[in-house]
$ cat coords25.pdb   # PDB, C-alpha atoms, pLDDT in the B column
ATOM      1  CA  MET S   1       0.000   0.000   0.000  1.00 61.00           C
ATOM      2  CA  LYS S   2       1.335   3.365  -0.963  1.00 66.00           C
ATOM      3  CA  LEU S   3       0.468   6.356   1.238  1.00 67.00           C
ATOM      4  CA  THR S   4      -0.167   9.724  -0.260  1.00 74.00           C
ATOM      5  CA  ARG S   5       1.323  12.738   1.437  1.00 74.00           C
ATOM      6  CA  ARG S   6      -2.101  13.700   2.828  1.00 72.00           C
ATOM      7  CA  GLU S   7      -2.713  10.262   4.348  1.00 72.00           C
ATOM      8  CA  THR S   8       0.711  10.294   5.977  1.00 72.00           C
ATOM      9  CA  LEU S   9      -0.105  13.634   7.580  1.00 67.00           C
ATOM     10  CA  PHE S  10      -3.392  12.333   8.967  1.00 69.00           C
ATOM     11  CA  ILE S  11      -1.714   9.274  10.449  1.00 68.00           C
ATOM     12  CA  GLY S  12       0.893  11.511  12.059  1.00 66.00           C
ATOM     13  CA  MET S  13      -1.783  13.745  13.563  1.00 66.00           C
ATOM     14  CA  GLY S  14      -3.641  10.726  14.875  1.00 63.00           C
ATOM     15  CA  ALA S  15      -0.526   9.512  16.620  1.00 62.00           C
ATOM     16  CA  VAL S  16      -0.009  12.920  18.233  1.00 58.00           C
ATOM     17  CA  VAL S  17      -3.594  12.978  19.524  1.00 57.00           C
ATOM     18  CA  ALA S  18      -3.255   9.452  20.886  1.00 55.00           C
ATOM     19  CA  ALA S  19      -0.054  10.438  22.653  1.00 56.00           C
ATOM     20  CA  THR S  20      -1.471  13.573  24.285  1.00 55.00           C
ATOM     21  CA  VAL S  21      -4.805  12.174  25.502  1.00 52.00           C
ATOM     22  CA  PRO S  22      -4.062  10.056  28.578  1.00 50.00           C
ATOM     23  CA  LEU S  23      -6.696   7.409  27.964  1.00 50.00           C
ATOM     24  CA  PRO S  24      -5.571   4.919  30.645  1.00 56.00           C
ATOM     25  CA  ALA S  25      -5.591   7.665  33.270  1.00 59.00           C
ATOM     26  CA  LEU S  26      -9.148   8.650  32.367  1.00 65.00           C
ATOM     27  CA  ALA S  27     -10.261   5.042  32.582  1.00 71.00           C
ATOM     28  CA  SER S  28      -8.720   4.645  36.026  1.00 83.00           C
ATOM     29  CA  VAL S  29     -10.550   7.761  37.265  1.00 87.00           C
ATOM     30  CA  GLU S  30     -13.832   6.197  36.179  1.00 87.00           C
ATOM     31  CA  ASP S  31     -12.785   2.948  37.899  1.00 87.00           C
ATOM     32  CA  ALA S  32     -11.981   4.835  41.103  1.00 88.00           C
ATOM     33  CA  VAL S  33     -15.311   6.678  40.980  1.00 90.00           C
ATOM     34  CA  ALA S  34     -17.161   3.407  40.372  1.00 89.00           C
ATOM     35  CA  ALA S  35     -15.349   1.791  43.305  1.00 89.00           C
ATOM     36  CA  PHE S  36     -16.387   4.718  45.524  1.00 89.00           C
ATOM     37  CA  THR S  37     -20.029   4.852  44.379  1.00 90.00           C
ATOM     38  CA  GLY S  38     -20.559   1.136  43.883  1.00 87.00           C
ATOM     39  CA  GLY S  39     -21.823   1.857  40.376  1.00 84.00           C
ATOM     40  CA  ALA S  40     -24.618   4.199  41.507  1.00 85.00           C
ATOM     41  CA  ASP S  41     -25.638   7.187  39.390  1.00 88.00           C
ATOM     42  CA  VAL S  42     -23.590  10.306  40.001  1.00 90.00           C
ATOM     43  CA  GLY S  43     -25.358  13.654  39.830  1.00 88.00           C
ATOM     44  CA  SER S  44     -23.976  17.152  39.882  1.00 87.00           C
ATOM     45  CA  GLY S  45     -24.535  20.262  42.000  1.00 86.00           C
ATOM     46  CA  GLY S  46     -24.265  20.634  45.754  1.00 88.00           C
ATOM     47  CA  ILE S  47     -20.508  20.244  45.702  1.00 92.00           C
ATOM     48  CA  THR S  48     -17.933  22.991  45.382  1.00 93.00           C
ATOM     49  CA  LEU S  49     -14.305  22.454  44.522  1.00 94.00           C
ATOM     50  CA  SER S  50     -11.963  25.445  44.783  1.00 94.00           C
ATOM     51  CA  THR S  51      -8.664  25.141  42.991  1.00 93.00           C
ATOM     52  CA  PRO S  52      -6.274  27.695  41.580  1.00 93.00           C
ATOM     53  CA  GLU S  53      -6.664  28.207  37.838  1.00 92.00           C
ATOM     54  CA  ILE S  54      -2.904  28.138  37.389  1.00 92.00           C
ATOM     55  CA  ALA S  55      -0.560  26.420  39.818  1.00 91.00           C
ATOM     56  CA  GLU S  56       3.062  27.394  39.409  1.00 89.00           C
ATOM     57  CA  ASN S  57       4.336  24.528  41.510  1.00 89.00           C
ATOM     58  CA  GLY S  58       2.645  21.158  41.115  1.00 88.00           C
ATOM     59  CA  ASN S  59       4.208  19.932  44.351  1.00 90.00           C
ATOM     60  CA  THR S  60       1.787  21.849  46.502  1.00 91.00           C
ATOM     61  CA  VAL S  61      -1.514  22.917  45.023  1.00 93.00           C
ATOM     62  CA  PRO S  62      -4.067  24.207  47.559  1.00 94.00           C
ATOM     63  CA  VAL S  63      -7.538  22.739  47.114  1.00 95.00           C
ATOM     64  CA  GLU S  64     -10.726  23.184  49.093  1.00 95.00           C
ATOM     65  CA  VAL S  65     -13.788  21.016  48.736  1.00 95.00           C
ATOM     66  CA  SER S  66     -17.186  21.614  50.244  1.00 94.00           C
ATOM     67  CA  ALA S  67     -20.358  19.554  49.988  1.00 93.00           C
ATOM     68  CA  PRO S  68     -23.059  20.377  52.569  1.00 92.00           C
ATOM     69  CA  GLY S  69     -24.738  17.199  53.754  1.00 90.00           C
ATOM     70  CA  ALA S  70     -21.984  14.874  52.581  1.00 92.00           C
ATOM     71  CA  VAL S  71     -20.699  11.989  54.662  1.00 94.00           C
ATOM     72  CA  SER S  72     -17.528  11.581  52.654  1.00 93.00           C
ATOM     73  CA  ILE S  73     -15.730  13.290  49.800  1.00 94.00           C
ATOM     74  CA  MET S  74     -13.147  11.673  47.551  1.00 94.00           C
ATOM     75  CA  LEU S  75     -10.581  13.677  45.609  1.00 94.00           C
ATOM     76  CA  LEU S  76      -8.985  12.430  42.391  1.00 93.00           C
ATOM     77  CA  ALA S  77      -6.362  13.842  40.064  1.00 92.00           C
ATOM     78  CA  ALA S  78      -7.038  12.530  36.569  1.00 91.00           C
ATOM     79  CA  GLY S  79      -3.533  13.013  35.196  1.00 89.00           C
ATOM     80  CA  ASN S  80      -1.435  11.635  38.055  1.00 89.00           C
ATOM     81  CA  PRO S  81       0.307   8.252  37.822  1.00 88.00           C
ATOM     82  CA  ASN S  82      -2.099   7.104  40.526  1.00 89.00           C
ATOM     83  CA  PRO S  83      -5.329   9.162  40.430  1.00 90.00           C
ATOM     84  CA  ASP S  84      -6.224   8.721  44.117  1.00 91.00           C
ATOM     85  CA  VAL S  85      -5.544  11.806  46.218  1.00 93.00           C
ATOM     86  CA  GLY S  86      -7.482  11.261  49.403  1.00 93.00           C
ATOM     87  CA  THR S  87     -10.852  10.710  51.028  1.00 94.00           C
ATOM     88  CA  PHE S  88     -12.419  12.836  53.752  1.00 95.00           C
ATOM     89  CA  ASN S  89     -14.931  11.099  56.031  1.00 95.00           C
ATOM     90  CA  PHE S  90     -16.905  13.503  58.184  1.00 95.00           C
ATOM     91  CA  GLY S  91     -17.945  12.492  61.681  1.00 93.00           C
ATOM     92  CA  PRO S  92     -20.846  13.702  63.836  1.00 92.00           C
ATOM     93  CA  LEU S  93     -18.852  16.659  65.197  1.00 93.00           C
ATOM     94  CA  ALA S  94     -17.818  18.084  61.835  1.00 92.00           C
ATOM     95  CA  ALA S  95     -19.347  21.567  61.725  1.00 92.00           C
ATOM     96  CA  SER S  96     -19.344  21.749  57.954  1.00 92.00           C
ATOM     97  CA  GLN S  97     -18.488  19.280  55.237  1.00 93.00           C
ATOM     98  CA  THR S  98     -15.573  21.409  54.119  1.00 93.00           C
ATOM     99  CA  ALA S  99     -11.886  20.584  54.079  1.00 94.00           C
ATOM    100  CA  SER S 100      -8.766  22.163  52.623  1.00 94.00           C
ATOM    101  CA  THR S 101      -5.477  20.540  51.900  1.00 94.00           C
ATOM    102  CA  ARG S 102      -2.521  20.704  49.528  1.00 94.00           C
ATOM    103  CA  ILE S 103      -1.976  18.163  46.804  1.00 93.00           C
ATOM    104  CA  ARG S 104       0.574  17.135  44.194  1.00 92.00           C
ATOM    105  CA  LEU S 105      -0.246  17.347  40.493  1.00 92.00           C
ATOM    106  CA  ALA S 106       1.992  15.794  37.835  1.00 90.00           C
ATOM    107  CA  GLY S 107       0.887  18.273  35.177  1.00 90.00           C
ATOM    108  CA  THR S 108      -2.045  20.220  33.786  1.00 92.00           C
ATOM    109  CA  GLN S 109      -5.110  18.105  34.432  1.00 92.00           C
ATOM    110  CA  ASP S 110      -8.585  17.854  35.911  1.00 92.00           C
ATOM    111  CA  VAL S 111      -9.087  17.533  39.646  1.00 93.00           C
ATOM    112  CA  VAL S 112     -12.246  15.554  40.385  1.00 93.00           C
ATOM    113  CA  ALA S 113     -14.253  15.531  43.620  1.00 94.00           C
ATOM    114  CA  VAL S 114     -16.992  12.992  44.334  1.00 94.00           C
ATOM    115  CA  ALA S 115     -19.197  13.339  47.411  1.00 94.00           C
ATOM    116  CA  LYS S 116     -21.381  10.737  49.052  1.00 93.00           C
ATOM    117  CA  MET S 117     -24.450  12.390  50.534  1.00 93.00           C
ATOM    118  CA  ALA S 118     -26.204  11.337  53.738  1.00 92.00           C
ATOM    119  CA  ASP S 119     -29.123   9.924  51.684  1.00 90.00           C
ATOM    120  CA  GLY S 120     -26.778   7.662  49.712  1.00 90.00           C
ATOM    121  CA  SER S 121     -26.707   9.688  46.496  1.00 92.00           C
ATOM    122  CA  PHE S 122     -23.511  10.855  44.842  1.00 94.00           C
ATOM    123  CA  VAL S 123     -22.461  14.114  43.212  1.00 93.00           C
ATOM    124  CA  ARG S 124     -19.279  15.008  41.423  1.00 91.00           C
ATOM    125  CA  THR S 125     -17.520  18.040  40.050  1.00 93.00           C
ATOM    126  CA  ALA S 126     -14.230  18.718  38.297  1.00 93.00           C
ATOM    127  CA  ASN S 127     -11.905  21.678  37.812  1.00 93.00           C
ATOM    128  CA  GLU S 128      -9.004  22.002  35.457  1.00 93.00           C
ATOM    129  CA  VAL S 129      -5.711  23.149  36.979  1.00 93.00           C
ATOM    130  CA  LYS S 130      -2.894  24.349  34.768  1.00 93.00           C
ATOM    131  CA  VAL S 131       0.439  23.303  36.245  1.00 91.00           C
ATOM    132  CA  THR S 132       3.663  25.060  35.263  1.00 87.00           C
ATOM    133  CA  ILE S 133       6.079  22.660  36.980  1.00 80.00           C
ATOM    134  CA  GLY S 134       4.854  19.132  37.676  1.00 75.00           C
ATOM    135  CA  GLY S 135       5.083  17.651  41.150  1.00 69.00           C
ATOM    136  CA  CYS S 136       5.799  13.970  40.863  1.00 63.00           C
ATOM    137  CA  GLY S 137       9.595  13.935  40.820  1.00 59.00           C
ATOM    138  CA  GLY S 138      11.416  12.263  37.969  1.00 45.00           C
TER     139      GLY S 138
ATOM    140  CA  MET L   1      10.825   7.224  59.176  1.00 51.00           C
ATOM    141  CA  ALA L   2      10.347   9.070  62.367  1.00 54.00           C
ATOM    142  CA  ASP L   3      12.926  11.804  61.944  1.00 70.00           C
ATOM    143  CA  GLY L   4      11.737  15.308  62.485  1.00 77.00           C
ATOM    144  CA  VAL L   5       8.052  14.496  62.383  1.00 86.00           C
ATOM    145  CA  LYS L   6       6.427  17.310  64.279  1.00 89.00           C
ATOM    146  CA  PRO L   7       2.680  17.881  64.408  1.00 91.00           C
ATOM    147  CA  ARG L   8       1.449  21.430  64.646  1.00 92.00           C
ATOM    148  CA  VAL L   9      -2.177  22.168  65.392  1.00 93.00           C
ATOM    149  CA  LYS L  10      -4.067  25.427  65.734  1.00 93.00           C
ATOM    150  CA  VAL L  11      -7.235  25.276  67.826  1.00 93.00           C
ATOM    151  CA  PRO L  12      -8.888  28.157  69.707  1.00 92.00           C
ATOM    152  CA  LYS L  13      -8.458  27.866  73.496  1.00 92.00           C
ATOM    153  CA  THR L  14     -12.015  28.883  74.264  1.00 91.00           C
ATOM    154  CA  ALA L  15     -15.336  28.564  72.468  1.00 91.00           C
ATOM    155  CA  SER L  16     -19.015  28.915  73.259  1.00 91.00           C
ATOM    156  CA  ALA L  17     -21.076  25.720  73.472  1.00 89.00           C
ATOM    157  CA  GLY L  18     -22.090  24.439  70.055  1.00 88.00           C
ATOM    158  CA  GLU L  19     -19.802  26.849  68.274  1.00 90.00           C
ATOM    159  CA  ALA L  20     -18.110  25.824  65.033  1.00 92.00           C
ATOM    160  CA  VAL L  21     -14.375  26.332  65.300  1.00 93.00           C
ATOM    161  CA  THR L  22     -11.848  26.228  62.498  1.00 94.00           C
ATOM    162  CA  ILE L  23      -8.950  23.858  63.038  1.00 94.00           C
ATOM    163  CA  LYS L  24      -5.719  23.954  61.092  1.00 95.00           C
ATOM    164  CA  THR L  25      -3.249  21.090  61.255  1.00 95.00           C
ATOM    165  CA  LEU L  26       0.135  20.514  59.738  1.00 94.00           C
ATOM    166  CA  ILE L  27       2.627  17.739  60.297  1.00 93.00           C
ATOM    167  CA  SER L  28       6.157  17.833  58.985  1.00 93.00           C
ATOM    168  CA  HIS L  29       6.644  14.685  56.932  1.00 91.00           C
ATOM    169  CA  GLN L  30       8.400  14.121  53.631  1.00 89.00           C
ATOM    170  CA  MET L  31       5.500  12.081  52.147  1.00 89.00           C
ATOM    171  CA  GLU L  32       7.767  10.112  49.819  1.00 89.00           C
ATOM    172  CA  SER L  33       5.446   9.231  46.950  1.00 86.00           C
ATOM    173  CA  GLY L  34       7.117   6.068  45.674  1.00 86.00           C
ATOM    174  CA  GLN L  35       7.330   7.659  42.215  1.00 85.00           C
ATOM    175  CA  ARG L  36      10.674   9.393  42.569  1.00 87.00           C
ATOM    176  CA  LYS L  37      14.030   7.907  41.679  1.00 87.00           C
ATOM    177  CA  ASP L  38      17.410   8.485  43.314  1.00 88.00           C
ATOM    178  CA  LYS L  39      20.668   9.283  41.506  1.00 90.00           C
ATOM    179  CA  GLU L  40      21.263   5.630  40.593  1.00 90.00           C
ATOM    180  CA  GLY L  41      17.793   5.320  39.083  1.00 88.00           C
ATOM    181  CA  ASN L  42      16.384   3.187  41.868  1.00 91.00           C
ATOM    182  CA  THR L  43      12.859   3.952  42.942  1.00 90.00           C
ATOM    183  CA  ILE L  44      12.691   5.483  46.400  1.00 89.00           C
ATOM    184  CA  PRO L  45      10.152   3.401  48.336  1.00 90.00           C
ATOM    185  CA  ARG L  46       6.874   4.978  49.344  1.00 89.00           C
ATOM    186  CA  SER L  47       6.751   6.382  52.860  1.00 91.00           C
ATOM    187  CA  ILE L  48       3.712   8.477  53.641  1.00 92.00           C
ATOM    188  CA  ILE L  49       1.170   9.154  56.320  1.00 93.00           C
ATOM    189  CA  ASN L  50      -1.839   7.167  55.180  1.00 93.00           C
ATOM    190  CA  ARG L  51      -4.520   8.157  57.679  1.00 95.00           C
ATOM    191  CA  PHE L  52      -5.386  11.178  59.812  1.00 95.00           C
ATOM    192  CA  VAL L  53      -8.126  11.119  62.427  1.00 96.00           C
ATOM    193  CA  VAL L  54      -9.520  13.873  64.640  1.00 95.00           C
ATOM    194  CA  ASP L  55     -11.769  13.111  67.616  1.00 95.00           C
ATOM    195  CA  PHE L  56     -13.323  15.326  70.255  1.00 94.00           C
ATOM    196  CA  ASN L  57     -14.032  13.595  73.590  1.00 93.00           C
ATOM    197  CA  GLY L  58     -14.148  10.281  71.729  1.00 91.00           C
ATOM    198  CA  GLN L  59     -16.539  11.457  69.016  1.00 93.00           C
ATOM    199  CA  ASN L  60     -15.250  11.579  65.472  1.00 94.00           C
ATOM    200  CA  VAL L  61     -14.801  14.887  63.674  1.00 95.00           C
ATOM    201  CA  ILE L  62     -12.976  13.891  60.512  1.00 95.00           C
ATOM    202  CA  ASP L  63     -11.185  10.820  59.216  1.00 95.00           C
ATOM    203  CA  VAL L  64      -8.979  11.369  56.184  1.00 95.00           C
ATOM    204  CA  THR L  65      -7.421   8.725  53.958  1.00 94.00           C
ATOM    205  CA  LEU L  66      -4.207  10.043  52.426  1.00 93.00           C
ATOM    206  CA  GLU L  67      -2.637   8.877  49.180  1.00 92.00           C
ATOM    207  CA  PRO L  68       0.819   9.723  47.788  1.00 91.00           C
ATOM    208  CA  ALA L  69      -0.685  12.711  45.946  1.00 91.00           C
ATOM    209  CA  ILE L  70      -0.959  14.655  49.220  1.00 93.00           C
ATOM    210  CA  SER L  71       1.889  17.189  49.419  1.00 92.00           C
ATOM    211  CA  THR L  72       4.916  17.097  51.684  1.00 92.00           C
ATOM    212  CA  ASN L  73       4.034  18.317  55.199  1.00 93.00           C
ATOM    213  CA  PRO L  74       0.349  17.426  54.927  1.00 93.00           C
ATOM    214  CA  TYR L  75      -1.888  20.330  55.847  1.00 94.00           C
ATOM    215  CA  PHE L  76      -5.591  20.160  56.648  1.00 95.00           C
ATOM    216  CA  GLU L  77      -8.125  22.787  57.532  1.00 95.00           C
ATOM    217  CA  PHE L  78     -11.683  21.973  58.576  1.00 94.00           C
ATOM    218  CA  GLU L  79     -14.411  22.978  61.023  1.00 94.00           C
ATOM    219  CA  ALA L  80     -15.590  21.198  64.148  1.00 94.00           C
ATOM    220  CA  ILE L  81     -18.440  21.696  66.617  1.00 92.00           C
ATOM    221  CA  VAL L  82     -17.519  22.092  70.276  1.00 93.00           C
ATOM    222  CA  PRO L  83     -20.499  20.905  72.363  1.00 92.00           C
ATOM    223  CA  GLU L  84     -18.702  21.031  75.732  1.00 92.00           C
ATOM    224  CA  SER L  85     -15.256  21.511  77.246  1.00 93.00           C
ATOM    225  CA  GLY L  86     -12.899  18.777  76.298  1.00 92.00           C
ATOM    226  CA  ASP L  87      -9.958  17.608  74.280  1.00 94.00           C
ATOM    227  CA  PHE L  88      -9.353  17.321  70.589  1.00 94.00           C
ATOM    228  CA  THR L  89      -7.108  14.379  69.769  1.00 95.00           C
ATOM    229  CA  PHE L  90      -5.258  14.348  66.483  1.00 95.00           C
ATOM    230  CA  THR L  91      -3.739  11.090  65.255  1.00 95.00           C
ATOM    231  CA  TRP L  92      -1.565  10.513  62.201  1.00 95.00           C
ATOM    232  CA  TYR L  93      -0.769   6.965  61.022  1.00 94.00           C
ATOM    233  CA  ASP L  94       2.527   6.437  59.193  1.00 93.00           C
ATOM    234  CA  ASP L  95       3.174   3.716  56.571  1.00 91.00           C
ATOM    235  CA  ASP L  96       5.942   2.342  58.806  1.00 90.00           C
ATOM    236  CA  GLY L  97       3.511   1.782  61.676  1.00 90.00           C
ATOM    237  CA  SER L  98       4.401   4.883  63.678  1.00 91.00           C
ATOM    238  CA  VAL L  99       1.549   6.823  65.197  1.00 93.00           C
ATOM    239  CA  TYR L 100       1.893  10.527  65.930  1.00 93.00           C
ATOM    240  CA  GLU L 101      -0.503  12.079  68.423  1.00 93.00           C
ATOM    241  CA  GLU L 102      -1.369  15.560  69.578  1.00 94.00           C
ATOM    242  CA  THR L 103      -3.988  16.768  72.044  1.00 94.00           C
ATOM    243  CA  LYS L 104      -5.512  20.227  72.427  1.00 93.00           C
ATOM    244  CA  SER L 105      -7.990  21.306  75.103  1.00 93.00           C
ATOM    245  CA  VAL L 106     -10.883  23.635  74.487  1.00 93.00           C
ATOM    246  CA  GLU L 107     -12.649  25.448  77.310  1.00 93.00           C
ATOM    247  CA  VAL L 108     -16.347  26.218  76.852  1.00 90.00           C
ATOM    248  CA  SER L 109     -17.168  29.517  78.530  1.00 81.00           C
TER     249      SER L 109
END
$ encode --input "coords25.pdb" --output "structure tokens"
Amino acid sequence: MKLTRRETLFIGMGAVVAATVPLPALASVEDAVAAFTGGADVGSGGITLSTPEIAENGNTVPVEVSAPGAVSIMLLAAGNPNPDVGTFNFGPLAASQTASTRIRLAGTQDVVAVAKMADGSFVRTANEVKVTIGGCGG
Amino acid sequence: MADGVKPRVKVPKTASAGEAVTIKTLISHQMESGQRKDKEGNTIPRSIINRFVVDFNGQNVIDVTLEPAISTNPYFEFEAIVPESGDFTFTWYDDDGSVYEETKSVEVS
């Protein structure tokens, strides 16, 4: 089979797209969400995730997550080698279902938060964070 | 890994009954992610704090599961209700089995 110049270009572009879109990472985020929810439907709204739009240093990115009425909130970073970031479980003496922490991000990616509500339903939200210098060593 | 691990906690000394107080915690810990390599190219083994629990007079406030994506010197800020005078206990669980504890008293006036 002989490729024309145009076909060669298309194949090249396809390879570039395949290389930039981290498909396995996205799949593992969905796996992690499914493990957290047990396969239940995930709605939206009622959960707020505050992240910086641009993080200069991926080693320490401040995030705050808030979901009134939640019993637990899971944080995920879609583009990290391991998407799990942490899970907050709120006890009876938690005044608000809000927590702040600092996380590592390997590069520009989506940060995902999934909350389990007291009635057993789930909501999720995601924010994109642009990272200037990644934070996973190497 | 128990070198230089020092918990620091900020809790108000007094509160009114039922008041929501903001608590800030930080513990110095390198949180080695298990992703980094040393000069010879060997992977540095993971060594992190994997769990952080806060209780007030035995009742749970927050229980956090930490993964390697939590930054060095893990910092947490959250709010707790103070129903009566008592003690907040903060407990960090290290991968190597060490447990770091800190206690802060709150007086209800």
$ interface_residues --input "coords25.pdb" --of "chain L" --to "chain S" --cutoff "8 Å" --atoms "all atoms listed in the file" --output "PyMOL selection string"
chain L and resi 20-21+33+35-37+56+59-72+74-82
$ write_last_selection --input "coords25.pdb" --atoms "C-alpha atoms" --output "short mmCIF file (atom, residue, chain, number, x, y, z; two decimals), in the coordinates of the input"
data_model
loop_
_atom_site.label_atom_id
_atom_site.label_comp_id
_atom_site.auth_asym_id
_atom_site.auth_seq_id
_atom_site.Cartn_x
_atom_site.Cartn_y
_atom_site.Cartn_z
CA ALA L 20 -18.11 25.82 65.03
CA VAL L 21 -14.38 26.33 65.30
CA SER L 33 5.45 9.23 46.95
CA GLN L 35 7.33 7.66 42.22
CA ARG L 36 10.67 9.39 42.57
CA LYS L 37 14.03 7.91 41.68
CA PHE L 56 -13.32 15.33 70.26
CA GLN L 59 -16.54 11.46 69.02
CA ASN L 60 -15.25 11.58 65.47
CA VAL L 61 -14.80 14.89 63.67
CA ILE L 62 -12.98 13.89 60.51
CA ASP L 63 -11.18 10.82 59.22
CA VAL L 64 -8.98 11.37 56.18
CA THR L 65 -7.42 8.72 53.96
CA LEU L 66 -4.21 10.04 52.43
CA GLU L 67 -2.64 8.88 49.18
CA PRO L 68 0.82 9.72 47.79
CA ALA L 69 -0.68 12.71 45.95
CA ILE L 70 -0.96 14.66 49.22
CA SER L 71 1.89 17.19 49.42
CA THR L 72 4.92 17.10 51.68
CA PRO L 74 0.35 17.43 54.93
CA TYR L 75 -1.89 20.33 55.85
CA PHE L 76 -5.59 20.16 56.65
CA GLU L 77 -8.12 22.79 57.53
CA PHE L 78 -11.68 21.97 58.58
CA GLU L 79 -14.41 22.98 61.02
CA ALA L 80 -15.59 21.20 64.15
CA ILE L 81 -18.44 21.70 66.62
CA VAL L 82 -17.52 22.09 70.28
#
$ residues_around --input "coords25.pdb" --residues "segment 40-48 of chain S" --least-positions-apart "3" --cutoff "9 Å" --atoms "all atoms listed in the file" --output "PyMOL selection string"
chain S and resi 34+37+64-70+113-115+121-125
$ resolve_selection --input "coords25.pdb" --expression "the PyMOL selection byres ((chain S and resi 52) around 8)" --output "PyMOL selection string"
chain S and resi 50-51+53-55+61-63+129
$ resolve_selection --input "coords25.pdb" --expression "the PyMOL selection byres ((chain L and resi 50) around 6)" --output "list of chain:residue names"
L:Ile48, L:Ile49, L:Arg51, L:Thr65, L:Leu66, L:Tyr93, L:Asp94
$ closest_residue --input "coords25.pdb" --among "L:Glu107, L:Glu32, L:Glu40, L:Asp3" --to "Pro83 of chain L" --atoms "all atoms listed in the file"
L:Glu107
$ atom_distance --input "coords25.pdb" --atom1 "atom CA of Val106 of chain L" --atom2 "atom CA of Thr91 of chain L"
17.1 Å
$ atom_distance --input "coords25.pdb" --atom1 "atom CA of Gly79 of chain S" --atom2 "atom CA of Ala32 of chain S"
13.2 Å
